[in-house]
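See structure below.
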There are 4 protein chains.
Amino acid sequence: MNAPWTSSVSRVDGDSVRIRGYDLEQLIGGASFTTSCFLLIRGRLPSPAEVRVLDAVLNAVLDYALLKPGTVAARYAVSGNPSMTAGLATAILSVGPYTLAPEDTARFVLDAHDRYVASGRPLEEAAAEIAEEACSRRLRIPGFGHPRFKQVDPRAQRLKEIAVEAGLWGDKARLYELIHRAFVDASGKPDIPINDVGMMAVVLLELGFSPDEMTGLAILSTFPGLIAHVSEELQSGQRIRVVPDDQVDYGDQEAVDLASGLQAVGWSSANEGEA
Amino acid sequence: MNAPWTSSVSRVDGDSVRIRGYDLEQLIGGASFTTSCFLLIRGRLPSPAEVRVLDAVLNAVLDYALLKPGTVAARYAVSGNPSMTAGLATAILSVGPYTLAPEDTARFVLDAHDRYVASGRPLEEAAAEIAEEACSRRLRIPGFGHPRFKQVDPRAQRLKEIAVEAGLWGDKARLYELIHRAFVDASGKPDIPINDVGMMAVVLLELGFSPDEMTGLAILSTFPGLIAHVSEELQSGQRIRVVPDDQVDYGDQEAVDLASGLQAVGWSSANEGEA
Amino acid sequence: MNAPWTSSVSRVDGDSVRIRGYDLEQLIGGASFTTSCFLLIRGRLPSPAEVRVLDAVLNAVLDYALLKPGTVAARYAVSGNPSMTAGLATAILSVGPYTLAPEDTARFVLDAHDRYVASGRPLEEAAAEIAEEACSRRLRIPGFGHPRFKQVDPRAQRLKEIAVEAGLWGDKARLYELIHRAFVDASGKPDIPINDVGMMAVVLLELGFSPDEMTGLAILSTFPGLIAHVSEELQSGQRIRVVPDDQVDYGDQEAVDLASGLQAVGWSSANEGEA
Amino acid sequence: MNAPWTSSVSRVDGDSVRIRGYDLEQLIGGASFTTSCFLLIRGRLPSPAEVRVLDAVLNAVLDYALLKPGTVAARYAVSGNPSMTAGLATAILSVGPYTLAPEDTARFVLDAHDRYVASGRPLEEAAAEIAEEACSRRLRIPGFGHPRFKQVDPRAQRLKEIAVEAGLWGDKARLYELIHRAFVDASGKPDIPINDVGMMAVVLLELGFSPDEMTGLAILSTFPGLIAHVSEELQSGQRIRVVPDDQVDYGDQEAVDLASGLQAVGWSSANEGEA
């Protein structure tokens, strides 16, 4: 069959819905949401250890008060358009290179791991070389550093502990940590820990997710919090949120007259006035 | 304090993030994602029975192949803009009155329940009156009927079973079911079951969620499937999906000349040509 | 032909693109953007008078500083995701019942006009009846009132003047204005002018646009301003905008211990800790 | 003043709205929408020549039937969520690297122009060097090539003609065209014309717009067509568009039993069944 679309996520067959082959009716009550999440994206059922780690990852970035652009944008949005759907879509659109994007770290680690494999050298040496190169070229390594946590990001450490306990701490995670240690040594900056999003990325790599899928999972982790914030805003009854004038520097926008302005750039007033 | 914003979802205090009072570090590895989801939205920890029911609800509408507008829209979107973020936001925007909106059912049931309480009459009588009224006025009751399932929607029944087992099947759910039975009798239409979204609504009402929050939870339930579809589309490498010409009736769009067309509606060709 | 899609907006035929029948090559340089806008949506070329009025409408709500939720939401969004596309989509999602929605006024006027026609009575009498009904039932009439303008909204008046001069001030517009006058008399509230969005709605009705299309045109009017704001934000280099803690009342979120909390609602700690 | 926000797009002062200093009331009826568009984004009034060219650019990509992903995505969206706002936001989200992004061409030309200026050599020589480099490294030059137009893209040529006539065809545009000619010679591929989006980019560079702003203007150009398509879809009454099963290759998704599946990956059925 040469159909324009190809999909193996689910199919509806007569009156049964099959999710990666499993009957939806059996999943309702037979699997946790985290298990179904793994099944849908990775295409196979997870082991208990994998569910434990994915559950930890999904708890890692639950909410961050009004200190996340998407949350604030969503609350502004529903103050004009009181719709849960519009609020949630708005919040997602704020996710990108500057926030909540484990995919950059994941791509960095995948590249580093390819170099390590190609080099045939021990993990430590490959890590040291990559870290030194980053230092000398003053490259930013994604997933390092946090505005509040200077030595250790406790959420990141907790994620690592759980992955280690579950036996899901592999070469990619180790390589990233070795690069981090070598980078701290080479740069003489002890206050740049691996942050939560960086750690999320390597843990999800070990679970077999692609970089794009990780961004999806990071958003999923924040989703219950977003529902809570949009609901809170809708219930507040606040309409038309604005930025008060005393928070804005509008500069000196001198009042100018349109007719003179148009003439000055070559219009005969009659012309544009009629256009 | 008379601040422009009020929020009790979470707060960041020094180096700890508190989610409804609970330390995020403890939640990582200490609670399932479903538990945290309940905590964030309802503001308190759920009991084991509540988690079991919410887990079932979150599994209820996981994915529906390419038979859901949002999934298809998202795949078109990323064929032009290969971004997980854009794909997920697109999918959400297709959710509304015609699909995935338990909020309409919830509002109907809340109104019906208010009438029942105000009437002081038994549940059965209140239900019968509401059903007869709907029949005689030919009103559509939200959550009834499904294109594929004629007697029973098995997913809906499974949800009910789990809620009953968990002891979370209360008056609102009972009232809705009684209205359904009375409606089937009064209308003489036996082939209109309570569908999955309708059942989801009453179960979530019993868990204490608001109508808006339910739409958020319905979207959350589909989120892992959306990640899977967007990932599948991104990996397919498909660029610029279109609708093939043989699928479209473009009618007879007769070719017309602009200059004559403009003159016919009163333009001197010189005028608009210059504008 | 019984195709799943039907469209008469444009078609691509060999190497020519036809917009409602007109060759795109001729439109480039042969028509103003406002003319093409009318052509695409209404399906025919506009007269000079129609272009003059549509141009005025498209200028009516160009920008409103940081006093519009969508503009602010968009700037938050691009502080996390520096993308023009994401910023513009975000801004649009804030448009709804509380802001920039001429469609509500348009639907009100269409209903009123149907009643007037059905009644067979003079415009004044129909208007008076509708206004009195709204007063006695305390209904809000869409498009009346403005937070800053108390007697007259000068932008609305300017729109009306241009429509009158162009000979495009018809019965629907007159009816709405008569309802407004009767409402002011009946309610004894002289300080409720027809606002800009209300006037935009009746003027667009006279040009033949549907209520949904008007919301699209209102958004189009704000689009150049949105591009300017997103560009300004991107050039500012601002990353991760947040709401400062002193602007938020986070209430008393007492710190609570997860293990005790779970036990209190019926969990054996071992259970959820492992889930 | 050290305010958190800075903006010079517009300000609301008492009861007047000033757009880049000009009174909004004067702009209504005093300027075409294209003039206001230039004013808002570039911050100053345009000359008649600049308006003529910007008008041509805004007509350049008006609509492309159902052969553009965003249009199709928007129609799917409103078949589930019948909202103009949601439809328009959806359409925008499909714009990105693979479609409608003049910003990539603009960044390429700005880099090339910087190299030309730094080199101190004639335009032709700089162009030849850049083209040869692209050929030898097999780099794709953005804005070259079109699936339908092999020798010349007539829309692109029309845009150029208008810019030349208006005296707004400068060094950046000339450089891009010289690179194109040298590339065709060096690569021996005569069938790769400058396409409409590429030409739009250089023309907008000559008008002083930034790459991000161009993506905004490309979207603006398609906006009336999007309104028309969403309106057409809403009026069609089509609900819940899907992809018919005969258009999809769902592969062999073998039916599997959940309980056995869970056991196979290490779950005791009791465990996950209860989770």
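Each chain in the structure tokens gets a letter, A, B and so on, in the order shown; residues start at 1 in every chain, and ligands are counted from 1 in the order they appear.
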Counting only C-alpha atoms, chain A residues within 7 Å of chain D, as an mmCIF file with all heavy atoms, in the first residue's frame:
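For reference, part_32.cif as written:
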data_model
loop_
_atom_site.group_PDB
_atom_site.id
_atom_site.type_symbol
_atom_site.label_atom_id
_atom_site.label_comp_id
_atom_site.auth_asym_id
_atom_site.auth_seq_id
_atom_site.Cartn_x
_atom_site.Cartn_y
_atom_site.Cartn_z
ATOM 1 N N MET A 1 0.847 -1.204 0.000
ATOM 2 C CA MET A 1 0.000 0.000 0.000
ATOM 3 C C MET A 1 0.874 1.241 0.000
ATOM 4 O O MET A 1 1.824 1.373 0.775
ATOM 5 C CB MET A 1 -0.864 -0.013 1.279
ATOM 6 C CG MET A 1 -1.712 1.232 1.467
ATOM 7 S SD MET A 1 -2.658 1.047 3.027
ATOM 8 C CE MET A 1 -3.552 2.602 3.049
ATOM 9 N N ALA A 3 0.174 4.651 0.662
ATOM 10 C CA ALA A 3 -0.750 5.679 1.130
ATOM 11 C C ALA A 3 0.015 6.959 1.455
ATOM 12 O O ALA A 3 1.200 6.908 1.785
ATOM 13 C CB ALA A 3 -1.478 5.181 2.365
ATOM 14 N N PRO A 4 -0.652 8.115 1.360
ATOM 15 C CA PRO A 4 0.033 9.373 1.688
ATOM 16 C C PRO A 4 0.410 9.494 3.162
ATOM 17 O O PRO A 4 1.276 10.274 3.511
ATOM 18 C CB PRO A 4 -0.978 10.445 1.276
ATOM 19 C CG PRO A 4 -2.283 9.758 1.112
ATOM 20 C CD PRO A 4 -2.002 8.333 0.815
ATOM 21 N N TRP A 5 -0.270 8.755 4.036
ATOM 22 C CA TRP A 5 0.025 8.829 5.462
ATOM 23 C C TRP A 5 0.496 7.462 5.970
ATOM 24 O O TRP A 5 0.008 6.433 5.528
ATOM 25 C CB TRP A 5 -1.230 9.198 6.247
ATOM 26 C CG TRP A 5 -1.785 10.545 5.956
ATOM 27 C CD1 TRP A 5 -2.662 10.867 4.963
ATOM 28 C CD2 TRP A 5 -1.514 11.760 6.652
ATOM 29 N NE1 TRP A 5 -2.955 12.200 5.005
ATOM 30 C CE2 TRP A 5 -2.264 12.780 6.040
ATOM 31 C CE3 TRP A 5 -0.712 12.104 7.746
ATOM 32 C CZ2 TRP A 5 -2.236 14.106 6.479
ATOM 33 C CZ3 TRP A 5 -0.683 13.412 8.181
ATOM 34 C CH2 TRP A 5 -1.431 14.402 7.548
ATOM 35 N N THR A 6 1.400 7.492 6.939
ATOM 36 C CA THR A 6 1.852 6.282 7.610
ATOM 37 C C THR A 6 1.836 6.545 9.101
ATOM 38 O O THR A 6 2.304 7.587 9.543
ATOM 39 C CB THR A 6 3.299 5.936 7.193
ATOM 40 O OG1 THR A 6 3.329 5.803 5.777
ATOM 41 C CG2 THR A 6 3.762 4.637 7.833
ATOM 42 N N SER A 7 1.252 5.622 9.873
ATOM 43 C CA SER A 7 1.259 5.830 11.315
ATOM 44 C C SER A 7 1.141 4.505 12.040
ATOM 45 O O SER A 7 0.380 3.635 11.637
ATOM 46 C CB SER A 7 0.102 6.736 11.746
ATOM 47 O OG SER A 7 0.160 6.931 13.149
ATOM 48 N N SER A 8 1.918 4.361 13.112
ATOM 49 C CA SER A 8 1.789 3.144 13.903
ATOM 50 C C SER A 8 1.505 3.449 15.369
ATOM 51 O O SER A 8 1.738 2.628 16.234
ATOM 52 C CB SER A 8 3.053 2.295 13.761
ATOM 53 O OG SER A 8 4.176 3.032 14.161
ATOM 54 N N ARG A 11 -4.621 2.509 16.176
ATOM 55 C CA ARG A 11 -5.581 2.353 15.094
ATOM 56 C C ARG A 11 -6.946 2.024 15.657
ATOM 57 O O ARG A 11 -7.070 1.459 16.748
ATOM 58 C CB ARG A 11 -5.127 1.310 14.083
ATOM 59 C CG ARG A 11 -5.231 -0.120 14.518
ATOM 60 C CD ARG A 11 -4.665 -1.055 13.461
ATOM 61 N NE ARG A 11 -5.295 -0.843 12.169
ATOM 62 C CZ ARG A 11 -4.789 -1.306 11.017
ATOM 63 N NH1 ARG A 11 -3.653 -1.994 11.017
ATOM 64 N NH2 ARG A 11 -5.415 -1.084 9.886
ATOM 65 N N ARG A 20 -0.687 1.118 20.085
ATOM 66 C CA ARG A 20 0.529 0.312 19.865
ATOM 67 C C ARG A 20 0.196 -1.174 20.038
ATOM 68 O O ARG A 20 0.960 -1.948 20.621
ATOM 69 C CB ARG A 20 1.629 0.704 20.852
ATOM 70 C CG ARG A 20 2.050 2.168 20.781
ATOM 71 C CD ARG A 20 2.910 2.458 19.585
ATOM 72 N NE ARG A 20 3.532 3.787 19.635
ATOM 73 C CZ ARG A 20 4.232 4.286 18.609
ATOM 74 N NH1 ARG A 20 4.382 3.615 17.495
ATOM 75 N NH2 ARG A 20 4.759 5.496 18.683
ATOM 76 N N GLY A 21 -0.999 -1.561 19.615
ATOM 77 C CA GLY A 21 -1.407 -2.960 19.668
ATOM 78 C C GLY A 21 -2.226 -3.325 20.898
ATOM 79 O O GLY A 21 -2.934 -4.329 20.889
ATOM 80 N N TYR A 22 -2.170 -2.548 21.948
ATOM 81 C CA TYR A 22 -2.904 -2.873 23.187
ATOM 82 C C TYR A 22 -4.306 -2.262 23.157
ATOM 83 O O TYR A 22 -4.484 -1.118 22.736
ATOM 84 C CB TYR A 22 -2.135 -2.387 24.427
ATOM 85 C CG TYR A 22 -0.833 -3.125 24.583
ATOM 86 C CD1 TYR A 22 0.350 -2.611 24.048
ATOM 87 C CD2 TYR A 22 -0.795 -4.368 25.214
ATOM 88 C CE1 TYR A 22 1.539 -3.313 24.149
ATOM 89 C CE2 TYR A 22 0.398 -5.077 25.324
ATOM 90 C CZ TYR A 22 1.554 -4.547 24.778
ATOM 91 O OH TYR A 22 2.722 -5.260 24.874
ATOM 92 N N GLN A 26 -8.327 -2.213 28.005
ATOM 93 C CA GLN A 26 -7.472 -2.861 29.003
ATOM 94 C C GLN A 26 -6.561 -1.841 29.690
ATOM 95 O O GLN A 26 -6.255 -1.960 30.878
ATOM 96 C CB GLN A 26 -6.625 -3.962 28.361
ATOM 97 C CG GLN A 26 -7.460 -5.164 27.899
ATOM 98 C CD GLN A 26 -6.577 -6.332 27.445
ATOM 99 O OE1 GLN A 26 -5.358 -6.303 27.552
ATOM 100 N NE2 GLN A 26 -7.214 -7.380 26.942
ATOM 101 N N GLY A 29 -7.528 1.541 33.633
ATOM 102 C CA GLY A 29 -7.568 0.766 34.864
ATOM 103 C C GLY A 29 -6.487 -0.296 34.945
ATOM 104 O O GLY A 29 -6.247 -0.859 36.007
ATOM 105 N N GLY A 30 -5.812 -0.574 33.827
ATOM 106 C CA GLY A 30 -4.799 -1.620 33.810
ATOM 107 C C GLY A 30 -3.385 -1.091 33.726
ATOM 108 O O GLY A 30 -2.422 -1.841 33.889
ATOM 109 N N ALA A 31 -3.247 0.195 33.461
ATOM 110 C CA ALA A 31 -1.914 0.788 33.364
ATOM 111 C C ALA A 31 -1.979 2.194 33.935
ATOM 112 O O ALA A 31 -3.002 2.868 33.826
ATOM 113 C CB ALA A 31 -1.463 0.837 31.907
ATOM 114 N N SER A 32 -0.873 2.618 34.543
ATOM 115 C CA SER A 32 -0.833 4.006 35.012
ATOM 116 C C SER A 32 -0.669 4.919 33.795
ATOM 117 O O SER A 32 -0.242 4.477 32.720
ATOM 118 C CB SER A 32 0.339 4.214 35.955
ATOM 119 O OG SER A 32 1.548 4.134 35.236
ATOM 120 N N LEU A 45 5.847 -1.472 25.963
ATOM 121 C CA LEU A 45 5.588 -1.318 27.400
ATOM 122 C C LEU A 45 6.895 -1.106 28.159
ATOM 123 O O LEU A 45 7.910 -1.705 27.821
ATOM 124 C CB LEU A 45 4.886 -2.561 27.943
ATOM 125 C CG LEU A 45 3.414 -2.721 27.569
ATOM 126 C CD1 LEU A 45 2.903 -4.082 28.035
ATOM 127 C CD2 LEU A 45 2.570 -1.615 28.196
ATOM 128 N N PRO A 46 6.859 -0.285 29.189
ATOM 129 C CA PRO A 46 8.055 -0.048 30.004
ATOM 130 C C PRO A 46 8.160 -1.077 31.127
ATOM 131 O O PRO A 46 7.150 -1.629 31.576
ATOM 132 C CB PRO A 46 7.786 1.329 30.602
ATOM 133 C CG PRO A 46 6.292 1.361 30.754
ATOM 134 C CD PRO A 46 5.728 0.590 29.588
ATOM 135 N N SER A 47 9.366 -1.305 31.591
ATOM 136 C CA SER A 47 9.582 -2.116 32.792
ATOM 137 C C SER A 47 9.249 -1.260 34.019
ATOM 138 O O SER A 47 9.157 -0.041 33.916
ATOM 139 C CB SER A 47 11.045 -2.542 32.862
ATOM 140 O OG SER A 47 11.841 -1.410 33.145
ATOM 141 N N PRO A 48 9.086 -1.910 35.177
ATOM 142 C CA PRO A 48 8.856 -1.107 36.393
ATOM 143 C C PRO A 48 9.954 -0.070 36.617
ATOM 144 O O PRO A 48 9.668 1.068 37.012
ATOM 145 C CB PRO A 48 8.848 -2.172 37.501
ATOM 146 C CG PRO A 48 8.403 -3.442 36.820
ATOM 147 C CD PRO A 48 8.981 -3.368 35.432
ATOM 148 N N GLN A 247 5.051 50.863 34.774
ATOM 149 C CA GLN A 247 6.036 49.796 34.553
ATOM 150 C C GLN A 247 6.687 49.904 33.175
ATOM 151 O O GLN A 247 7.483 49.048 32.797
ATOM 152 C CB GLN A 247 5.351 48.411 34.642
ATOM 153 C CG GLN A 247 4.622 48.154 35.936
ATOM 154 C CD GLN A 247 5.599 47.884 37.062
ATOM 155 O OE1 GLN A 247 6.463 47.032 36.945
ATOM 156 N NE2 GLN A 247 5.510 48.639 38.151
ATOM 157 N N VAL A 248 6.305 50.915 32.419
ATOM 158 C CA VAL A 248 6.768 51.001 31.028
ATOM 159 C C VAL A 248 7.470 52.324 30.772
ATOM 160 O O VAL A 248 6.978 53.381 31.168
ATOM 161 C CB VAL A 248 5.580 50.897 30.035
ATOM 162 C CG1 VAL A 248 6.105 50.710 28.608
ATOM 163 C CG2 VAL A 248 4.638 49.770 30.415
ATOM 164 N N ASP A 249 8.612 52.243 30.108
ATOM 165 C CA ASP A 249 9.266 53.439 29.613
ATOM 166 C C ASP A 249 8.862 53.616 28.152
ATOM 167 O O ASP A 249 9.365 52.917 27.271
ATOM 168 C CB ASP A 249 10.788 53.256 29.735
ATOM 169 C CG ASP A 249 11.543 54.449 29.179
ATOM 170 O OD1 ASP A 249 10.900 55.381 28.661
ATOM 171 O OD2 ASP A 249 12.784 54.441 29.269
ATOM 172 N N TYR A 250 7.912 54.538 27.916
ATOM 173 C CA TYR A 250 7.439 54.752 26.545
ATOM 174 C C TYR A 250 8.309 55.772 25.794
ATOM 175 O O TYR A 250 8.007 56.117 24.656
ATOM 176 C CB TYR A 250 5.970 55.211 26.545
ATOM 177 C CG TYR A 250 4.980 54.085 26.762
ATOM 178 C CD1 TYR A 250 4.188 54.025 27.903
ATOM 179 C CD2 TYR A 250 4.833 53.075 25.807
ATOM 180 C CE1 TYR A 250 3.269 52.994 28.102
ATOM 181 C CE2 TYR A 250 3.923 52.041 25.999
ATOM 182 C CZ TYR A 250 3.144 52.009 27.144
ATOM 183 O OH TYR A 250 2.244 50.986 27.324
ATOM 184 N N GLY A 251 9.358 56.266 26.445
ATOM 185 C CA GLY A 251 10.257 57.205 25.771
ATOM 186 C C GLY A 251 9.564 58.496 25.429
ATOM 187 O O GLY A 251 8.480 58.798 25.921
ATOM 188 N N GLN A 253 7.752 59.973 22.742
ATOM 189 C CA GLN A 253 7.111 59.861 21.439
ATOM 190 C C GLN A 253 6.449 61.191 21.138
ATOM 191 O O GLN A 253 5.305 61.416 21.485
ATOM 192 C CB GLN A 253 6.088 58.716 21.432
ATOM 193 C CG GLN A 253 6.720 57.352 21.671
ATOM 194 C CD GLN A 253 5.696 56.227 21.661
ATOM 195 O OE1 GLN A 253 4.680 56.318 20.979
ATOM 196 N NE2 GLN A 253 5.953 55.175 22.417
ATOM 197 N N GLU A 254 7.212 62.042 20.473
ATOM 198 C CA GLU A 254 6.718 63.390 20.199
ATOM 199 C C GLU A 254 5.477 63.328 19.306
ATOM 200 O O GLU A 254 5.423 62.557 18.360
ATOM 201 C CB GLU A 254 7.810 64.166 19.468
ATOM 202 C CG GLU A 254 7.865 65.637 19.836
ATOM 203 C CD GLU A 254 8.935 66.309 18.986
ATOM 204 O OE1 GLU A 254 9.932 65.637 18.645
ATOM 205 O OE2 GLU A 254 8.739 67.488 18.652
ATOM 206 N N ALA A 255 4.491 64.135 19.638
ATOM 207 C CA ALA A 255 3.276 64.172 18.818
ATOM 208 C C ALA A 255 3.595 64.825 17.481
ATOM 209 O O ALA A 255 4.222 65.882 17.431
ATOM 210 C CB ALA A 255 2.189 64.962 19.539
ATOM 211 N N VAL A 256 3.221 64.181 16.400
ATOM 212 C CA VAL A 256 3.468 64.733 15.075
ATOM 213 C C VAL A 256 2.173 64.762 14.273
ATOM 214 O O VAL A 256 1.279 63.966 14.506
ATOM 215 C CB VAL A 256 4.554 63.941 14.311
ATOM 216 C CG1 VAL A 256 5.932 64.526 14.554
ATOM 217 C CG2 VAL A 256 4.523 62.469 14.691
ATOM 218 N N ASP A 257 2.118 65.702 13.327
ATOM 219 C CA ASP A 257 0.908 65.865 12.532
ATOM 220 C C ASP A 257 1.001 65.039 11.255
ATOM 221 O O ASP A 257 2.023 65.065 10.558
ATOM 222 C CB ASP A 257 0.728 67.352 12.194
ATOM 223 C CG ASP A 257 -0.495 67.560 11.320
ATOM 224 O OD1 ASP A 257 -1.616 67.251 11.786
ATOM 225 O OD2 ASP A 257 -0.325 67.978 10.155
ATOM 226 N N LEU A 258 -0.038 64.277 10.960
ATOM 227 C CA LEU A 258 0.020 63.338 9.845
ATOM 228 C C LEU A 258 0.182 64.055 8.508
ATOM 229 O O LEU A 258 1.030 63.668 7.699
ATOM 230 C CB LEU A 258 -1.242 62.463 9.817
ATOM 231 C CG LEU A 258 -1.271 61.418 8.703
ATOM 232 C CD1 LEU A 258 -0.139 60.420 8.839
ATOM 233 C CD2 LEU A 258 -2.616 60.699 8.685
ATOM 234 N N LEU A 262 3.222 63.373 6.025
ATOM 235 C CA LEU A 262 3.098 62.777 4.697
ATOM 236 C C LEU A 262 3.734 63.670 3.637
ATOM 237 O O LEU A 262 4.457 63.188 2.763
ATOM 238 C CB LEU A 262 1.615 62.526 4.360
ATOM 239 C CG LEU A 262 0.975 61.336 5.088
ATOM 240 C CD1 LEU A 262 -0.542 61.332 4.884
ATOM 241 C CD2 LEU A 262 1.557 60.013 4.586
ATOM 242 N N VAL A 265 7.499 63.416 3.290
ATOM 243 C CA VAL A 265 8.104 62.277 2.591
ATOM 244 C C VAL A 265 7.576 62.130 1.165
ATOM 245 O O VAL A 265 7.681 61.054 0.564
ATOM 246 C CB VAL A 265 7.912 60.943 3.368
ATOM 247 C CG1 VAL A 265 8.755 60.933 4.636
ATOM 248 C CG2 VAL A 265 6.445 60.698 3.709
ATOM 249 N N GLY A 266 6.986 63.219 0.651
ATOM 250 C CA GLY A 266 6.710 63.213 -0.777
ATOM 251 C C GLY A 266 5.275 62.962 -1.194
ATOM 252 O O GLY A 266 4.999 62.792 -2.382
ATOM 253 N N TRP A 267 4.359 62.921 -0.233
ATOM 254 C CA TRP A 267 2.971 62.732 -0.622
ATOM 255 C C TRP A 267 2.329 64.083 -0.867
ATOM 256 O O TRP A 267 2.563 65.032 -0.135
ATOM 257 C CB TRP A 267 2.170 62.040 0.487
ATOM 258 C CG TRP A 267 2.595 60.639 0.759
ATOM 259 C CD1 TRP A 267 3.590 60.249 1.607
ATOM 260 C CD2 TRP A 267 2.061 59.451 0.189
ATOM 261 N NE1 TRP A 267 3.714 58.882 1.598
ATOM 262 C CE2 TRP A 267 2.765 58.363 0.736
ATOM 263 C CE3 TRP A 267 1.037 59.205 -0.733
ATOM 264 C CZ2 TRP A 267 2.499 57.046 0.385
ATOM 265 C CZ3 TRP A 267 0.774 57.895 -1.074
ATOM 266 C CH2 TRP A 267 1.498 56.824 -0.527
ATOM 267 N N GLU A 272 -2.659 60.342 -0.563
ATOM 268 C CA GLU A 272 -2.781 59.298 0.464
ATOM 269 C C GLU A 272 -4.079 59.480 1.238
ATOM 270 O O GLU A 272 -4.683 58.508 1.664
ATOM 271 C CB GLU A 272 -1.556 59.314 1.397
ATOM 272 C CG GLU A 272 -1.650 58.385 2.594
ATOM 273 C CD GLU A 272 -1.469 56.920 2.200
ATOM 274 O OE1 GLU A 272 -1.601 56.570 1.006
ATOM 275 O OE2 GLU A 272 -1.214 56.133 3.085
ATOM 276 N N GLY A 273 -4.503 60.760 1.407
ATOM 277 C CA GLY A 273 -5.762 60.994 2.108
ATOM 278 C C GLY A 273 -6.925 60.244 1.452
ATOM 279 O O GLY A 273 -7.862 59.823 2.129
ATOM 280 N N ALA A 275 -6.450 57.507 -0.503
ATOM 281 C CA ALA A 275 -6.127 56.082 -0.788
ATOM 282 C C ALA A 275 -6.936 55.149 0.105
ATOM 283 O O ALA A 275 -7.257 55.473 1.225
ATOM 284 C CB ALA A 275 -4.646 55.835 -0.592
#
Excluding stretch 103-120 of chain D and its own-chain neighbours fewer than 3 positions away, which residues fall within 10 Å of it when counting only C-alpha atoms? Please give them as a PyMOL selection string.
chain D and resi 96-97+100+123-127+129-130+141-144+171-173+175-176+179+197-205+209-216+218
DSSP on the backbone, strand (DSSP E) only: what residues of stretch 9-63 of chain D does that give? Format it as a ChimeraX atom specification.
/D:10-13,16-19,22-23
Please produce a file of those selected residues containing C-alpha atoms, as a PDB file, in the first residue's frame.
ATOM      1  CA  SER D  10       2.471  53.465  20.495  1.00  0.00           C
ATOM      2  CA  ARG D  11       1.193  55.126  23.629  1.00  0.00           C
ATOM      3  CA  VAL D  12      -2.179  55.957  25.063  1.00  0.00           C
ATOM      4  CA  ASP D  13      -2.222  59.426  26.510  1.00  0.00           C
ATOM      5  CA  SER D  16      -5.605  59.937  22.439  1.00  0.00           C
ATOM      6  CA  VAL D  17      -3.794  56.959  20.983  1.00  0.00           C
ATOM      7  CA  ARG D  18      -0.493  57.889  19.340  1.00  0.00           C
ATOM      8  CA  ILE D  19       1.036  55.481  16.821  1.00  0.00           C
ATOM      9  CA  TYR D  22       0.795  60.117  14.989  1.00  0.00           C
ATOM     10  CA  ASP D  23      -2.754  60.470  16.233  1.00  0.00           C
TER      11      ASP D  23
END
Using only C-alpha atoms, which residues sit within 7 Å of D:Cys135 once same-chain residues fewer than 4 positions away are excluded, as a ChimeraX atom specification?
/D:131,139,186-187
Test item: residues at most 9 Å from C:Leu217, only C-alpha atoms, excluding those fewer than 4 positions along its chain, as a PyMOL selection string:
(chain C and resi 57-58+212-213+221-222) or (chain D and resi 224+227)
Sel. of helix (DSSP H, G or I) residues, stretch 39-156 of chain B, as an MDAnalysis selection string
chainID B and resid 39:42 48:58 69:80 84:93 102:119 123:136 154:156
